[in-house]
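In what follows, a single structure is set out as structure tokens and then discussed.
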Amino acid sequence: MSNPKDKLITILGPTATGKSQLGVKMAREFNGEIISADSRQVYRGLDIGSAKITPQEMKGVPHHLIDIASPRRVFTVAQFQKLAIKSARKIILNNKTPFLVGGSPFYIYSVTEGWKLPSVPRNQSLRQRLEKKKPEELFKMLKELDAAYAQKVDPFNARRLIRAIEIASVAGQVPPRQSQPAFQTLFLGLNYPLPELKDKIARRLNQRLKSGLIEEVETLRKIPLSWKRLEDFGLEYRWVAYYLQNKVDYPEMKSGIIQDSLKLVKHQLNWFKKDQRIHWLKDSNQARDLIRNFLNQ
RNA sequence: GCCGAGGUAGCCAAGGUGGUCACGGCGCAGCUCUGAAAAAGCUGAAAUUCCGGUUCGACUCCGGACCUCGGCA
């Protein structure tokens with residue numbers, strides 16, 4: 001069990017804002033270790049496209065939850081949550097400070113809020129069977145299993161319905177949402193105005209292409225990974241996969257990546273902007289002060 | 001210049017024997033989110049190139065202008 005007084009520092013924000021660099025900088029100053037909160041960096045082989053930090057950039061700061069999963073297998077938020085909390089406890093036990101750093105809101109909040117996820121793992125064969133059904137059929141099925149939850153669920157969202165059926169068919173019903181934060185968390189946010197972000201994203205993309213983004217996807221393809229799987233990773237992986245299949249040309253690939261990146265930014269901000277706890281940083285000095293205060297409390 | 005095709009939202013695009021608020025998709029805006037989350041879903045804003053004619057009524061029919069595409073010169 002963890003002590004609710006255990007402290008966790010979270011550095012979050014949309015893509016391309018320099019979270020990793022700030023994380024390393026602060027971790028070095030405050031005797032910290034980094035837990036990456038990124039739904040793509042967990043996979044081995046997704047390096048350039050996921051903006052994975054390089055060993056040099058880590059500057060000796062230990063990083064957790066990077067390269068822990070095979071891209072051939074689906075990694076889930078439940079696994080992430082378990083591992084992240086475990087890592088954080090271990091770091092604290094060693095008298096160091098855990099920094100949760102990343103841009104995957106779902107992953108971040110699963111840890112900071114201590115969501116109690118239903119302990120029903122995903123059932124691949126059940127899902128495959130249910131995926132053939134229409135939302136209305138799924139809704140009917142769910143209603144028979146758990147009428148109360150059916151009242152609350154989005155009846156058009158097949159994916160959610162399938163998950164609900166998956167849970168209800170094992171647990172009898174879908175349990176109500178519950179949370180139990182395991183840490184006292186300081187939320188630090190990094191952001192830039194949208195036009196500036198777009199510019200950063202475009203420049204970063206050119207850099208990545210020069211560093212071998214296309215080759216990275218070709219290598220992943222040889223693992224082998226299906227085109228479908230590569231496309232599911234999204235963004236650079238999706239568009240480079242399209243490009244390698246000649247579904248789009250080079251300029252279309254690039255503009256597709258940029259456009260989808262901006263969509264990602266908005267999606268991330270959609271979670272973050274309503275979170276009043278986040279301190280949106282002006283510079284790293286401000287981060288330093290906030291962290292010092294937080295740790296001295 | 002001539003012949004042909006066409007001009008419907010920011011882009012792509014359906015339409016009809018003339019008859020309430022014009023199908024979709026992308027993009028855009030807002031929202032939901034608890035084991036695929038860089039996922040999935042919901043809501044919304046937004047259009048008949050222009051001018052004239054026929055008609056009770058035209059985006060739809062007729063004429064003209066302008067523009068685009070293809071062919072011929």
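Labels used: A, B, ... for chains in the order of the structure tokens, numbers from 1 for residues in each chain, and numbers from 1 for ligands as shown.
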Looking only at strand (DSSP E or B) from DSSP on the backbone, list the matching residues of range 27-275 of chain A as an mmCIF file with C-alpha atoms, in the first residue's frame.
data_model
loop_
_atom_site.group_PDB
_atom_site.id
_atom_site.type_symbol
_atom_site.label_atom_id
_atom_site.label_comp_id
_atom_site.auth_asym_id
_atom_site.auth_seq_id
_atom_site.Cartn_x
_atom_site.Cartn_y
_atom_site.Cartn_z
ATOM 1 C CA GLY A 32 14.403 12.306 -9.434
ATOM 2 C CA GLU A 33 13.644 9.512 -11.817
ATOM 3 C CA ILE A 34 11.329 9.684 -14.780
ATOM 4 C CA ILE A 35 8.279 7.612 -15.488
ATOM 5 C CA SER A 36 7.236 8.115 -19.092
ATOM 6 C CA TYR A 43 6.655 -0.027 -27.487
ATOM 7 C CA HIS A 63 13.692 6.391 -17.210
ATOM 8 C CA HIS A 64 10.897 3.916 -16.640
ATOM 9 C CA ALA A 69 6.168 -3.782 -24.638
ATOM 10 C CA THR A 97 11.381 11.752 -6.468
ATOM 11 C CA PRO A 98 9.151 10.287 -9.168
ATOM 12 C CA PHE A 99 8.422 12.467 -12.176
ATOM 13 C CA LEU A 100 5.541 11.325 -14.344
ATOM 14 C CA VAL A 101 6.279 12.904 -17.706
ATOM 15 C CA TRP A 115 -8.747 4.925 -11.118
ATOM 16 C CA SER A 179 -10.898 6.442 -7.766
ATOM 17 C CA GLN A 184 -0.103 13.740 -3.702
ATOM 18 C CA THR A 185 0.519 15.177 -7.116
ATOM 19 C CA LEU A 186 1.941 18.426 -8.408
ATOM 20 C CA PHE A 187 0.730 19.120 -11.925
ATOM 21 C CA LEU A 188 3.027 21.112 -14.170
ATOM 22 C CA GLY A 189 1.916 21.951 -17.696
#
- Pull out every residue of chain A sitting within 6 Å of chain B, counting only C-alpha atoms (C1' of nucleotides), and send them as a PyMOL selection string. chain A and resi 76-78+117+121+157+159+234
- Task: as a PyMOL selection string, list the residues of range 5-253 of chain A assigned to alpha helix (DSSP H) by DSSP on the backbone atoms of this structure.
- Result: chain A and resi 19-29+55-58+77-93+105-112+124-130+135-145+147-152+158-171+194-210+213-221+227-232+235-244+250-253
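Comparing the minimum interatomic distances between Glu216 in chain A and each of A:Val24, A:Leu46, A:Ala287, A:Ile257, counting only C-alpha atoms, we find that A:Leu46 sits nearest.
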- With a distance cut-off of 9 Å and only C-alpha atoms (C1' of nucleotides), select the neighbouring residues of range 54-63 of chain B, excluding the residue or stretch itself and same-chain residues fewer than 2 positions from it, and output the selection as a PyMOL selection string. chain B and resi 8+16+18-19+22+48+52
- Item | Surrounding residues of Gly114 in chain A excluding itself and chain neighbours under 2 positions, 8 Å, only C-alpha atoms (C1' of nucleotides), as a list in words |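 So, after excluding close chain neighbours, the residues are Tyr109, Ser110, Val111, Thr112, Lys116, Ser179, Gln180, Pro181 and Ala182 of chain A.
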- Using only C-alpha atoms (C1' of nucleotides), determine which residues lie at most 10 Å from C11 in chain B, disregarding the query and same-chain residues fewer than 2 positions distant; provide the list as a PyMOL selection string. chain B and resi 9+13+26-27
- Query: Looking at only C-alpha atoms, which of A:Val170, A:Val217, A:Leu281, A:Leu83 is the one that sits closest to Lys19 in chain A?
  - Reply: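 Ranking A:Val170, A:Val217, A:Leu281, A:Leu83 by distance to Lys19 in chain A, first place goes to A:Leu281.
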- CA of Ile165 in chain A to CA of Val74 in chain A, distance in Å rounded to a single decimal: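 Computing the Euclidean distance for CA of Ile165 in chain A and CA of Val74 in chain A yields 19.6 Å.
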- Message: So that I can check the surroundings of range 262-276 of chain A, please list as a list in words every protein, DNA and RNA residue that reaches within 7 Å of it, counting only C-alpha atoms (C1' of nucleotides) and ignoring chain neighbours fewer than 6 positions away.
- Response: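 Here the answer would be Pro14, Thr15, Pro105 and Lys198 of chain A; A38 of chain B.
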